[in-house]
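Asks: If it helps, the file is called data-v1.tsv and holds TSV, C-alpha atoms and all ligand atoms:
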```
chain	number	residue	atom	x	y	z
J	238	MET	CA	0.15	-29.64	-2.02
J	239	GLU	CA	2.43	-27.27	-0.23
J	240	HIS	CA	1.12	-25.39	2.80
J	241	VAL	CA	0.61	-21.67	2.22
J	242	SER	CA	2.89	-20.84	5.17
J	243	GLU	CA	5.79	-22.83	3.68
J	244	ARG	CA	5.45	-20.82	0.50
J	245	PHE	CA	5.34	-17.64	2.49
J	246	LEU	CA	8.48	-18.50	4.47
J	247	ARG	CA	10.37	-19.25	1.26
J	248	TYR	CA	9.37	-15.91	-0.31
J	249	ALA	CA	9.89	-13.93	2.90
J	250	LYS	CA	13.54	-14.99	3.12
J	251	ILE	CA	14.28	-13.41	-0.26
J	252	ASN	CA	15.26	-9.77	0.11
J	253	THR	CA	13.15	-7.75	-2.36
J	254	THR	CA	13.55	-4.25	-0.97
J	255	SER	CA	12.64	-1.63	-3.56
J	256	ASP	CA	14.87	1.42	-4.08
J	257	GLU	CA	13.30	4.85	-4.40
J	258	SER	CA	16.55	6.39	-5.69
J	259	SER	CA	16.70	4.08	-8.70
J	260	SER	CA	15.12	4.94	-12.04
J	261	THR	CA	15.05	1.37	-13.38
J	262	CYS	CA	12.09	-1.01	-13.22
J	263	PRO	CA	12.22	-3.02	-11.10
J	264	SER	CA	14.01	-0.48	-8.94
J	265	SER	CA	16.26	-3.13	-7.36
J	266	LYS	CA	17.92	-6.15	-8.97
J	267	VAL	CA	16.95	-8.37	-6.03
J	268	GLN	CA	13.29	-8.29	-7.09
J	269	TRP	CA	14.27	-10.39	-10.12
J	270	ASP	CA	15.17	-13.23	-7.73
J	271	LEU	CA	11.59	-13.53	-6.53
J	272	ALA	CA	10.08	-12.81	-9.96
J	273	ASN	CA	12.12	-15.62	-11.57
J	274	LEU	CA	11.32	-18.03	-8.73
J	275	LEU	CA	7.60	-17.32	-9.04
J	276	VAL	CA	7.62	-17.94	-12.80
J	277	LYS	CA	9.48	-21.23	-12.24
J	278	GLU	CA	6.98	-22.34	-9.58
J	279	MET	CA	4.00	-21.28	-11.69
J	280	LEU	CA	5.31	-23.27	-14.67
J	281	GLU	CA	5.92	-26.28	-12.43
J	282	MET	CA	2.36	-26.23	-11.09
J	283	GLY	CA	0.97	-26.07	-14.63
J	284	ILE	CA	0.48	-22.38	-15.43
J	285	ALA	CA	1.78	-22.72	-18.98
J	286	ASP	CA	1.75	-19.00	-19.84
J	287	ALA	CA	3.67	-17.91	-16.72
J	288	ARG	CA	6.17	-15.23	-17.70
J	289	VAL	CA	8.08	-12.22	-16.47
J	290	ASP	CA	8.28	-9.18	-18.73
J	291	GLU	CA	11.28	-6.88	-19.24
J	292	ASN	CA	10.17	-4.68	-16.32
J	293	GLY	CA	9.91	-7.50	-13.79
J	294	TYR	CA	6.12	-7.90	-13.85
J	295	VAL	CA	5.04	-11.55	-13.47
J	296	TYR	CA	1.89	-12.69	-15.28
J	297	GLY	CA	0.10	-15.98	-15.79
J	298	SER	CA	-3.40	-17.39	-16.08
J	299	ILE	CA	-5.53	-20.41	-15.29
J	300	ALA	CA	-8.15	-21.35	-17.87
J	301	ALA	CA	-11.85	-21.44	-17.01
J	302	ASN	CA	-13.37	-24.84	-16.27
J	303	CYS	CA	-16.93	-23.62	-16.68
J	304	GLU	CA	-18.75	-21.08	-18.84
J	305	GLY	CA	-20.34	-17.70	-18.39
J	306	GLN	CA	-17.99	-16.39	-15.70
J	307	PRO	CA	-16.14	-13.06	-15.58
J	308	VAL	CA	-12.35	-13.05	-15.96
J	309	ILE	CA	-11.03	-12.22	-12.49
J	310	GLY	CA	-7.54	-10.95	-11.72
J	311	LEU	CA	-5.58	-11.48	-8.50
J	312	ILE	CA	-2.65	-9.17	-7.86
J	313	ALA	CA	0.03	-8.81	-5.18
J	314	HIS	CA	3.36	-6.96	-5.00
J	315	MET	CA	6.79	-8.49	-4.69
J	316	ASP	CA	8.80	-5.67	-3.14
J	317	THR	CA	9.06	-4.76	0.53
J	318	VAL	CA	9.66	-1.38	2.14
J	319	ASP	CA	13.11	0.09	2.39
J	320	ALA	CA	15.25	-1.68	4.94
J	321	VAL	CA	19.00	-1.91	5.42
J	322	PRO	CA	20.17	-3.40	2.10
J	323	GLY	CA	21.68	-6.85	2.21
J	324	ARG	CA	20.24	-7.62	5.58
J	325	ASP	CA	19.11	-11.19	6.14
J	326	PHE	CA	15.43	-11.90	6.64
J	327	ASN	CA	14.92	-14.54	9.33
J	328	PRO	CA	11.21	-15.14	9.87
J	329	GLN	CA	10.37	-17.45	12.76
J	330	VAL	CA	7.24	-19.43	13.61
J	331	ILE	CA	5.95	-19.38	17.17
J	332	ASP	CA	3.10	-21.20	18.88
J	333	TYR	CA	1.50	-18.18	20.52
J	334	LYS	CA	0.09	-18.78	24.00
J	335	GLY	CA	-0.53	-15.11	24.79
J	336	GLY	CA	1.59	-12.44	26.49
J	337	ASP	CA	4.74	-10.71	25.24
J	338	ILE	CA	6.66	-12.20	22.33
J	339	CYS	CA	10.46	-12.23	22.39
J	340	LEU	CA	11.65	-11.48	18.85
J	341	ASN	CA	15.32	-11.26	19.65
J	342	ALA	CA	16.68	-12.32	23.05
J	343	GLU	CA	20.18	-11.03	22.32
J	344	LYS	CA	18.98	-7.52	21.43
J	345	GLY	CA	16.09	-7.55	23.91
J	346	ILE	CA	13.39	-6.91	21.28
J	347	TYR	CA	9.82	-7.86	22.20
J	348	ILE	CA	6.28	-7.42	20.92
J	349	ARG	CA	4.76	-6.16	24.18
J	350	LEU	CA	1.10	-6.81	24.87
J	351	ALA	CA	1.02	-3.39	26.54
J	352	ASP	CA	1.99	-1.73	23.25
J	353	PHE	CA	-0.11	-4.03	21.03
J	354	PRO	CA	-3.17	-5.09	23.07
J	355	GLU	CA	-4.78	-6.51	19.91
J	356	MET	CA	-2.23	-9.37	20.12
J	357	ALA	CA	-4.55	-11.00	22.66
J	358	GLU	CA	-6.88	-11.96	19.79
J	359	LYS	CA	-4.09	-14.02	18.23
J	360	THR	CA	-3.70	-16.27	21.26
J	361	GLY	CA	-3.75	-19.93	20.28
J	362	LYS	CA	-2.56	-19.25	16.72
J	363	HIS	CA	0.78	-19.95	15.09
J	364	LEU	CA	2.41	-16.63	14.37
J	365	ILE	CA	5.15	-15.87	11.89
J	366	VAL	CA	7.24	-13.03	13.32
J	367	THR	CA	10.55	-11.31	12.52
J	368	ASP	CA	13.86	-11.62	14.36
J	369	GLY	CA	13.45	-7.98	15.36
J	370	THR	CA	15.92	-6.61	12.79
J	371	THR	CA	13.84	-6.40	9.60
J	372	VAL	CA	10.27	-6.17	8.38
J	373	LEU	CA	8.59	-9.54	7.87
J	374	GLY	CA	7.44	-8.77	4.34
J	375	ALA	CA	3.94	-10.18	4.86
J	376	ASP	CA	3.28	-6.92	3.03
J	377	ASP	CA	2.96	-8.31	0.51
J	378	LYS	CA	4.48	-11.78	0.26
J	379	ALA	CA	1.50	-13.06	2.24
J	380	GLY	CA	-0.62	-11.92	-0.71
J	381	ILE	CA	1.69	-13.70	-3.15
J	382	ALA	CA	1.79	-16.92	-1.09
J	383	GLU	CA	-2.01	-16.96	-0.74
J	384	ILE	CA	-2.60	-16.42	-4.46
J	385	MET	CA	0.00	-19.08	-5.33
J	386	ALA	CA	-1.56	-21.54	-2.87
J	387	LEU	CA	-4.96	-20.92	-4.46
J	388	CYS	CA	-3.52	-21.53	-7.94
J	389	GLU	CA	-2.05	-24.85	-6.84
J	390	ARG	CA	-5.39	-25.82	-5.30
J	391	LEU	CA	-7.35	-24.95	-8.47
J	392	LEU	CA	-4.94	-26.86	-10.68
J	393	ASN	CA	-5.27	-29.94	-8.47
J	394	ASP	CA	-9.01	-29.90	-7.91
J	395	ASP	CA	-11.23	-29.62	-10.96
J	396	SER	CA	-14.34	-29.78	-8.78
J	397	ILE	CA	-13.81	-26.08	-7.95
J	398	LYS	CA	-15.60	-24.33	-10.82
J	399	HIS	CA	-14.32	-20.95	-11.93
J	400	GLY	CA	-13.89	-18.62	-14.88
J	401	LYS	CA	-10.48	-17.62	-16.23
J	402	ILE	CA	-8.14	-16.40	-13.50
J	403	CYS	CA	-5.38	-13.90	-14.28
J	404	ILE	CA	-2.42	-13.61	-11.93
J	405	GLY	CA	-0.18	-10.55	-11.63
J	406	PHE	CA	2.80	-9.96	-9.34
J	407	THR	CA	4.17	-6.43	-9.50
J	408	PRO	CA	7.44	-4.77	-8.49
J	409	ASP	CA	7.91	-1.45	-6.70
J	410	GLU	CA	4.53	-0.92	-5.04
J	411	GLU	CA	6.16	0.47	-1.91
J	412	ILE	CA	7.75	3.31	-3.87
J	413	GLY	CA	4.46	4.10	-5.62
J	414	ARG	CA	5.35	2.70	-9.03
J	415	GLY	CA	3.66	-0.70	-8.96
J	416	ALA	CA	0.94	0.24	-11.43
J	417	ASP	CA	3.22	2.30	-13.74
J	418	LEU	CA	4.06	-0.42	-16.25
J	419	PHE	CA	1.26	-2.88	-15.49
J	420	ASN	CA	-0.09	-4.12	-18.81
J	421	VAL	CA	-3.85	-3.93	-18.21
J	422	LYS	CA	-4.69	-4.90	-21.79
J	423	ASP	CA	-2.52	-8.04	-21.89
J	424	PHE	CA	-3.60	-8.97	-18.37
J	425	GLY	CA	-7.08	-9.35	-19.78
J	426	ALA	CA	-9.18	-9.41	-16.61
J	427	ASP	CA	-12.63	-7.82	-16.36
J	428	PHE	CA	-11.79	-6.74	-12.82
J	429	ALA	CA	-9.26	-7.69	-10.17
J	430	TYR	CA	-8.46	-7.65	-6.49
J	431	THR	CA	-5.14	-6.75	-4.89
J	432	ALA	CA	-4.39	-8.98	-1.89
J	433	ASP	CA	-2.40	-6.40	0.02
J	434	GLY	CA	-4.31	-5.34	3.11
J	435	GLY	CA	-4.36	-6.35	6.76
J	436	ALA	CA	-7.43	-7.80	8.45
J	437	LEU	CA	-9.26	-10.48	6.46
J	438	HIS	CA	-12.76	-9.09	6.86
J	439	GLU	CA	-11.82	-5.70	5.44
J	440	VAL	CA	-12.57	-4.76	1.86
J	441	GLU	CA	-11.11	-1.52	0.63
J	442	TYR	CA	-12.35	0.43	-2.36
J	443	GLU	CA	-12.00	3.99	-1.16
J	444	ASN	CA	-8.66	5.76	-0.89
J	445	PHE	CA	-7.55	9.34	-0.60
J	446	ASN	CA	-7.60	11.91	-3.34
J	447	ALA	CA	-4.09	13.24	-3.20
J	448	SER	CA	-2.32	16.48	-4.14
J	449	SER	CA	0.88	18.16	-3.07
J	450	ALA	CA	1.75	21.83	-2.67
J	451	ARG	CA	5.22	23.33	-2.89
J	452	VAL	CA	5.42	26.74	-1.23
J	453	ILE	CA	8.36	29.02	-2.03
J	454	VAL	CA	8.89	32.24	-0.09
J	455	HIS	CA	11.17	34.97	-1.42
J	456	GLY	CA	12.42	37.22	1.36
J	457	ARG	CA	14.67	40.27	1.47
J	458	ASN	CA	17.76	39.88	3.63
J	459	ILE	CA	19.37	42.94	5.17
J	460	HIS	CA	21.96	43.10	7.94
J	461	PRO	CA	19.90	42.65	11.13
J	462	GLY	CA	21.47	45.81	12.56
J	463	SER	CA	19.85	47.96	9.88
J	464	ALA	CA	16.84	45.79	9.04
J	465	LYS	CA	14.08	47.93	10.51
J	466	ASN	CA	11.12	48.26	8.10
J	467	ARG	CA	13.18	46.75	5.32
J	468	MET	CA	13.88	43.06	6.04
J	469	LYS	CA	11.42	40.43	4.83
J	470	ASN	CA	12.37	37.24	6.66
J	471	ALA	CA	11.41	34.38	4.36
J	472	ALA	CA	11.68	31.74	7.11
J	473	ARG	CA	9.26	33.69	9.34
J	474	ILE	CA	6.79	34.23	6.49
J	475	ALA	CA	6.90	30.47	5.88
J	476	MET	CA	6.02	29.89	9.53
J	477	GLU	CA	3.20	32.41	9.24
J	478	PHE	CA	1.90	30.53	6.20
J	479	ASP	CA	1.85	27.29	8.14
J	480	SER	CA	0.17	28.87	11.15
J	481	MET	CA	-2.78	29.90	8.97
J	482	LEU	CA	-3.67	26.32	8.07
J	483	PRO	CA	-6.36	24.68	10.24
J	484	GLU	CA	-4.56	22.97	13.08
J	485	ALA	CA	-7.23	20.29	13.52
J	486	GLN	CA	-6.67	19.10	9.95
J	487	ARG	CA	-3.28	17.54	10.44
J	488	PRO	CA	-2.52	13.79	10.20
J	489	GLU	CA	-1.91	13.58	13.95
J	490	HIS	CA	-5.45	14.85	14.62
J	491	THR	CA	-7.42	13.00	11.94
J	492	GLU	CA	-8.76	9.51	11.20
J	493	GLY	CA	-11.39	7.69	9.12
J	494	TYR	CA	-12.74	9.98	6.41
J	495	GLU	CA	-11.07	13.13	7.79
J	496	GLY	CA	-8.64	14.70	5.35
J	497	PHE	CA	-5.52	16.68	6.18
J	498	TYR	CA	-2.77	19.12	5.28
J	499	HIS	CA	0.58	17.58	6.11
J	500	LEU	CA	3.79	19.60	6.24
J	501	CYS	CA	6.38	17.03	5.20
J	502	GLY	CA	9.41	19.20	4.70
J	503	MET	CA	10.69	22.74	5.24
J	504	GLN	CA	13.93	24.63	4.96
J	505	GLY	CA	14.71	28.28	4.96
J	506	ASP	CA	16.65	31.36	5.96
J	507	GLU	CA	15.97	35.10	5.67
J	508	GLU	CA	16.35	35.14	1.90
J	509	ASN	CA	14.51	31.98	0.81
J	510	ALA	CA	12.24	29.40	2.37
J	511	GLN	CA	10.51	26.38	1.00
J	512	MET	CA	7.83	24.06	2.36
J	513	VAL	CA	6.25	20.92	0.94
J	514	TYR	CA	2.75	19.83	1.91
J	515	ILE	CA	0.71	16.84	0.96
J	516	LEU	CA	-3.06	17.35	0.87
J	517	ARG	CA	-5.39	14.39	1.30
J	518	ASP	CA	-9.15	13.87	1.36
J	519	HIS	CA	-11.49	11.02	0.38
J	520	ASP	CA	-13.96	13.66	-0.79
J	521	GLY	CA	-12.83	15.29	-4.05
J	522	ASP	CA	-14.69	18.54	-3.30
J	523	LYS	CA	-13.08	18.82	0.10
J	524	LEU	CA	-9.65	18.33	-1.47
J	525	GLU	CA	-10.47	21.21	-3.84
J	526	GLU	CA	-11.38	23.33	-0.80
J	527	LYS	CA	-8.00	22.53	0.71
J	528	LYS	CA	-6.25	23.68	-2.44
J	529	GLU	CA	-8.40	26.84	-2.34
J	530	THR	CA	-7.37	27.52	1.26
J	531	ILE	CA	-3.71	27.26	0.25
J	532	ARG	CA	-4.34	29.71	-2.59
J	533	ARG	CA	-6.12	32.18	-0.28
J	534	ILE	CA	-3.20	32.17	2.16
J	535	GLU	CA	-0.84	32.77	-0.77
J	536	SER	CA	-2.93	35.80	-1.85
J	537	PHE	CA	-3.21	37.16	1.68
J	538	LEU	CA	0.55	36.99	2.29
J	539	ASN	CA	1.31	38.52	-1.10
J	540	ALA	CA	-1.02	41.41	-0.27
J	541	LYS	CA	0.72	41.82	3.08
J	542	TYR	CA	4.38	41.45	1.98
J	543	GLY	CA	4.29	42.38	-1.71
J	544	ALA	CA	3.43	40.57	-4.92
J	545	GLY	CA	5.61	37.56	-5.66
J	546	THR	CA	6.68	37.00	-2.05
J	547	VAL	CA	4.91	33.66	-1.85
J	548	GLU	CA	4.66	31.24	-4.77
J	549	VAL	CA	2.59	28.08	-4.58
J	550	ALA	CA	2.68	25.18	-7.04
J	551	ILE	CA	-0.02	22.54	-6.58
J	552	ARG	CA	0.19	19.12	-8.23
J	553	ASP	CA	-2.39	16.31	-8.26
J	554	SER	CA	-1.07	12.80	-7.56
J	555	TYR	CA	-3.77	10.13	-7.31
J	556	ARG	CA	-7.53	9.87	-6.97
J	557	ASN	CA	-10.06	7.95	-4.96
J	558	MET	CA	-10.94	4.71	-6.80
J	559	ARG	CA	-14.44	4.89	-5.35
J	560	GLU	CA	-15.64	6.89	-8.35
J	561	VAL	CA	-14.64	3.94	-10.58
J	562	ILE	CA	-15.70	1.09	-8.28
J	563	GLU	CA	-19.10	2.65	-7.58
J	564	GLN	CA	-20.03	1.85	-11.17
J	565	HIS	CA	-19.12	-1.80	-10.56
J	566	MET	CA	-20.38	-2.54	-7.08
J	567	TYR	CA	-20.86	-6.24	-7.94
J	568	ILE	CA	-17.07	-6.53	-7.43
J	569	ILE	CA	-17.47	-5.52	-3.78
J	570	ASP	CA	-20.65	-7.58	-3.37
J	571	ARG	CA	-18.85	-10.64	-4.69
J	572	ALA	CA	-16.04	-10.26	-2.14
J	573	GLU	CA	-18.42	-9.60	0.75
J	574	LYS	CA	-20.57	-12.60	-0.14
J	575	ALA	CA	-17.45	-14.79	-0.17
J	576	MET	CA	-16.40	-13.46	3.24
J	577	LYS	CA	-19.80	-14.23	4.73
J	578	GLU	CA	-19.71	-17.75	3.29
J	579	ILE	CA	-16.59	-18.53	5.29
J	580	GLY	CA	-17.91	-16.90	8.45
J	581	LEU	CA	-16.31	-13.45	8.28
J	582	THR	CA	-18.24	-10.22	8.82
J	583	PRO	CA	-17.14	-7.86	6.06
J	584	VAL	CA	-16.27	-4.27	6.86
J	585	ARG	CA	-15.65	-1.51	4.33
J	586	VAL	CA	-12.66	0.51	5.41
J	587	PRO	CA	-11.45	3.73	3.77
J	588	VAL	CA	-7.72	3.56	2.99
J	589	ARG	CA	-5.83	6.55	4.36
J	590	GLY	CA	-3.34	6.45	1.54
J	591	GLY	CA	-3.20	5.26	-2.05
J	592	THR	CA	-3.12	1.76	-3.49
J	593	ASP	CA	-1.88	0.32	-6.76
J	594	GLY	CA	-5.43	-0.91	-7.24
J	595	ALA	CA	-6.63	2.70	-7.22
J	596	ARG	CA	-4.32	3.55	-10.09
J	597	LEU	CA	-5.22	0.34	-11.94
J	598	SER	CA	-8.90	1.25	-11.53
J	599	PHE	CA	-8.28	4.50	-13.41
J	600	MET	CA	-6.25	2.56	-16.01
J	601	GLY	CA	-9.35	0.50	-16.84
J	602	LEU	CA	-9.04	-2.40	-14.39
J	603	PRO	CA	-11.41	-1.91	-11.44
J	604	CYS	CA	-9.39	-3.23	-8.51
J	605	PRO	CA	-10.39	-3.04	-4.83
J	606	ASN	CA	-8.10	-4.36	-2.09
J	607	LEU	CA	-8.47	-7.38	0.20
J	608	GLY	CA	-6.74	-8.34	3.46
J	609	THR	CA	-4.07	-11.03	3.73
J	610	GLY	CA	-4.15	-11.45	7.52
J	611	GLY	CA	-0.91	-9.57	8.15
J	612	ALA	CA	-0.48	-6.87	10.83
J	613	ASN	CA	1.89	-4.07	11.88
J	614	TYR	CA	3.21	-3.52	8.37
J	615	HIS	CA	6.40	-1.60	7.63
J	616	GLY	CA	8.16	-2.35	10.90
J	617	ILE	CA	9.92	-5.02	12.94
J	618	TYR	CA	6.67	-5.93	14.77
J	619	GLU	CA	5.05	-7.13	11.56
J	620	HIS	CA	3.51	-10.60	11.90
J	621	ILE	CA	0.93	-12.94	10.41
J	622	ALA	CA	-0.91	-15.98	11.76
J	623	ILE	CA	-0.64	-19.19	9.75
J	624	GLU	CA	-4.30	-19.89	10.49
J	625	ASP	CA	-5.28	-16.52	8.98
J	626	MET	CA	-3.31	-17.27	5.81
J	627	GLU	CA	-5.34	-20.47	5.46
J	628	ILE	CA	-8.57	-18.47	5.78
J	629	ALA	CA	-7.30	-15.97	3.21
J	630	VAL	CA	-6.79	-18.75	0.65
J	631	ASP	CA	-10.33	-20.03	1.33
J	632	MET	CA	-11.65	-16.49	0.92
J	633	LEU	CA	-9.90	-16.00	-2.42
J	634	GLN	CA	-11.28	-19.37	-3.54
J	635	LYS	CA	-14.84	-18.35	-2.64
J	636	ILE	CA	-14.41	-15.07	-4.50
J	637	ILE	CA	-13.32	-16.67	-7.75
J	638	GLU	CA	-15.70	-19.64	-7.51
J	639	ALA	CA	-18.56	-19.71	-10.01
E	701	ZN	ZN	1.60	-3.67	0.39
```
Show me, as structure tokens, the structure contained in the file I just sent.

Replies:
Amino acid sequence: MEHVSERFLRYAKINTTSDESSSTCPSSKVQWDLANLLVKEMLEMGIADARVDENGYVYGSIAANCEGQPVIGLIAHMDTVDAVPGRDFNPQVIDYKGGDICLNAEKGIYIRLADFPEMAEKTGKHLIVTDGTTVLGADDKAGIAEIMALCERLLNDDSIKHGKICIGFTPDEEIGRGADLFNVKDFGADFAYTADGGALHEVEYENFNASSARVIVHGRNIHPGSAKNRMKNAARIAMEFDSMLPEAQRPEHTEGYEGFYHLCGMQGDEENAQMVYILRDHDGDKLEEKKETIRRIESFLNAKYGAGTVEVAIRDSYRNMREVIEQHMYIIDRAEKAMKEIGLTPVRVPVRGGTDGARLSFMGLPCPNLGTGGANYHGIYEHIAIEDMEIAVDMLQKIIEA
């Protein structure tokens, strides 16, 4: 059987960057390269129903070898975050003895222990790192490699007893579309796990409730020389709007279960100004309060500057999967029991973002998230220990085992 890290290295070298500006699915042609390879490898290892659909979603299943078990899905995403297109991915394996890691001698790029003190815990492990010019893509090819390694193991060892296992590899997670065309009905699982997190002992089934607010300010421009008592400066009113939001509730001041208002774009002049906020909170009621605060500021400024000066449009994006998973806590218990069996101490961590699993949960497939062992996602310092990938495969095995 092939080692999980060899699989990972093969997948990591394939560029699968998704493309936000595209309206196709998958958003980038390169994702077909990995999708087609995965189907070929799944067929070769004996997954007879391995297939890729017209949108680039890869599916396949392994039949049960015992009775009375739930049908469990395992899901990972094929795309990686936006990087310079066409760039080569050159993952390297190092025997880590501690200290700084040189990623690229020529360009002088290092993982410094001073910047990443948690690296000390990885001493003595074999780390897969980047060459300092791209992401590694452990997010989420580590998840794919671990699921594939488990499949190969199950198909070669009938002594591991399990129910039916459904496999799904999705495109375009990084641009928020991974769940869009996922065929929950055909997939056929009772519940599933995404393998798309970091630390192995973390199980994630809570994510933000998310909304966005677009604020438009209509001003009245008049030559500044004769503006007294007549000009309404839209840009300044926009700044006033922002100043009325609670300063402590910004991303840079919050963590854990603390929600926020995040100004993620603004433009304006005297005549017109526009701001875009995202609003986030794990607690649905607190998110409603945030929307209410935005509405109150709108009313206040319209009373001050005249009706219609400020216009706010609020849109809901995604919801906290907790409300779904709470009705199926055996899914979490099953994962935590498996973790304990292999010596990990499970921790429940709230995700400060959304996950494809959250959207799948609301589409009828309860789907918490598990760690793959990767770290420092979405940047050149991304890495994963080979030893942790091995543990991840064992963990997935324990989860699906009867
Ligand atoms: Zn991911």

Asks: Residues within 8 Å of J:Ala379, please, as a list in words. Count all atoms listed in the file; anything in the same chain fewer than 2 positions from it doesn't count.

Replies: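 The filter keeps Phe245, Gly374, Ala375, Asp376, Asp377, Ile381, Ala382, Glu383, Thr609, Gly610, Gly611 and Met626 of chain J.
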
Asks: Kindly provide, as a VMD selection string, all nucleotide and amino acid residues lying within 8 Å of ligand ZN 701 (chain E), counting only C-alpha atoms and all ligand atoms.

Replies: chain J and resid 313 to 314 317 376 to 377 410 to 411 433 to 434

Asks: Excluding J:Ile637 and any residue of its chain fewer than 5 positions from it, enumerate the residues within 12 Å of it, using all atoms listed in the file, and give them as an mmCIF file with C-alpha atoms, in the coordinates of the input.

Replies:
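What follows is the written file around-v5.cif:
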```cif
data_model
loop_
_atom_site.group_PDB
_atom_site.id
_atom_site.type_symbol
_atom_site.label_atom_id
_atom_site.label_comp_id
_atom_site.auth_asym_id
_atom_site.auth_seq_id
_atom_site.Cartn_x
_atom_site.Cartn_y
_atom_site.Cartn_z
ATOM 1 C CA ILE J 299 -5.530 -20.410 -15.290
ATOM 2 C CA ALA J 301 -11.850 -21.440 -17.010
ATOM 3 C CA ASN J 302 -13.370 -24.840 -16.270
ATOM 4 C CA CYS J 303 -16.930 -23.620 -16.680
ATOM 5 C CA GLN J 306 -17.990 -16.390 -15.700
ATOM 6 C CA PRO J 307 -16.140 -13.060 -15.580
ATOM 7 C CA VAL J 308 -12.350 -13.050 -15.960
ATOM 8 C CA ILE J 309 -11.030 -12.220 -12.490
ATOM 9 C CA GLY J 310 -7.540 -10.950 -11.720
ATOM 10 C CA LEU J 311 -5.580 -11.480 -8.500
ATOM 11 C CA ILE J 384 -2.600 -16.420 -4.460
ATOM 12 C CA LEU J 387 -4.960 -20.920 -4.460
ATOM 13 C CA CYS J 388 -3.520 -21.530 -7.940
ATOM 14 C CA LEU J 391 -7.350 -24.950 -8.470
ATOM 15 C CA ILE J 397 -13.810 -26.080 -7.950
ATOM 16 C CA LYS J 398 -15.600 -24.330 -10.820
ATOM 17 C CA HIS J 399 -14.320 -20.950 -11.930
ATOM 18 C CA GLY J 400 -13.890 -18.620 -14.880
ATOM 19 C CA LYS J 401 -10.480 -17.620 -16.230
ATOM 20 C CA ILE J 402 -8.140 -16.400 -13.500
ATOM 21 C CA CYS J 403 -5.380 -13.900 -14.280
ATOM 22 C CA PHE J 428 -11.790 -6.740 -12.820
ATOM 23 C CA ALA J 429 -9.260 -7.690 -10.170
ATOM 24 C CA TYR J 430 -8.460 -7.650 -6.490
ATOM 25 C CA ILE J 568 -17.070 -6.530 -7.430
ATOM 26 C CA ARG J 571 -18.850 -10.640 -4.690
ATOM 27 C CA ALA J 572 -16.040 -10.260 -2.140
ATOM 28 C CA LYS J 574 -20.570 -12.600 -0.140
ATOM 29 C CA ALA J 575 -17.450 -14.790 -0.170
ATOM 30 C CA MET J 576 -16.400 -13.460 3.240
ATOM 31 C CA VAL J 630 -6.790 -18.750 0.650
ATOM 32 C CA ASP J 631 -10.330 -20.030 1.330
ATOM 33 C CA MET J 632 -11.650 -16.490 0.920
#
```

Asks: I'd like the contact shell of stretch 341-356 of chain J - 10 Å cut-off, only C-alpha atoms, skipping same-chain residues fewer than 2 positions apart - returned as a list in words.

Replies: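 Here the qualifying residues turn out to be Tyr333, Gly335, Gly336, Asp337, Ile338, Cys339, Glu358, Lys359, Thr360, Val366, Thr367, Asp368, Gly369, Thr370, Ala612, Asn613, Ile617, Tyr618, Glu619 and His620 of chain J.
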
Asks: Keeping C-alpha atoms, export the residues of the selection given above as a PDB file, in the coordinates of the input.

Replies:
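File written: again-v6.pdb
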```
ATOM      1  CA  TYR J 333       1.500 -18.180  20.520  1.00  0.00           C
ATOM      2  CA  GLY J 335      -0.530 -15.110  24.790  1.00  0.00           C
ATOM      3  CA  GLY J 336       1.590 -12.440  26.490  1.00  0.00           C
ATOM      4  CA  ASP J 337       4.740 -10.710  25.240  1.00  0.00           C
ATOM      5  CA  ILE J 338       6.660 -12.200  22.330  1.00  0.00           C
ATOM      6  CA  CYS J 339      10.460 -12.230  22.390  1.00  0.00           C
ATOM      7  CA  GLU J 358      -6.880 -11.960  19.790  1.00  0.00           C
ATOM      8  CA  LYS J 359      -4.090 -14.020  18.230  1.00  0.00           C
ATOM      9  CA  THR J 360      -3.700 -16.270  21.260  1.00  0.00           C
ATOM     10  CA  VAL J 366       7.240 -13.030  13.320  1.00  0.00           C
ATOM     11  CA  THR J 367      10.550 -11.310  12.520  1.00  0.00           C
ATOM     12  CA  ASP J 368      13.860 -11.620  14.360  1.00  0.00           C
ATOM     13  CA  GLY J 369      13.450  -7.980  15.360  1.00  0.00           C
ATOM     14  CA  THR J 370      15.920  -6.610  12.790  1.00  0.00           C
ATOM     15  CA  ALA J 612      -0.480  -6.870  10.830  1.00  0.00           C
ATOM     16  CA  ASN J 613       1.890  -4.070  11.880  1.00  0.00           C
ATOM     17  CA  ILE J 617       9.920  -5.020  12.940  1.00  0.00           C
ATOM     18  CA  TYR J 618       6.670  -5.930  14.770  1.00  0.00           C
ATOM     19  CA  GLU J 619       5.050  -7.130  11.560  1.00  0.00           C
ATOM     20  CA  HIS J 620       3.510 -10.600  11.900  1.00  0.00           C
TER      21      HIS J 620
END
```

Asks: Can you list, as a ChimeraX atom specification, every protein, DNA or RNA residue that comes within 7 Å of J:Ala432 when you count only C-alpha atoms, leaving out same-chain residues fewer than 3 positions away?

Replies: /J:312-313,380,606-609

Asks: Nearest to J:Asp290: which of J:Ser264, J:Ser463, J:Thr592, J:Thr407 is it, counting only C-alpha atoms?

Replies: J:Thr407

Asks: Nearest to J:His363: which of J:Ser259, J:Ser242, J:Met558, J:Phe424 is it, counting only C-alpha atoms?

Replies: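 Residue with the minimum atom-to-atom distance to J:His363: J:Ser242.
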
Asks: Around all the atoms of stretch 258-277 of chain J listed in the file, draw an axis-aligned box and extend it by 4 Å on each of the six sides; I want its centre and edge lengths in Å to one decimal, as AutoDock Vina command-line options.

Replies:
```
--center_x 12.8 --center_y -7.4 --center_z -9.5 --size_x 18.3 --size_y 35.6 --size_z 15.7
```
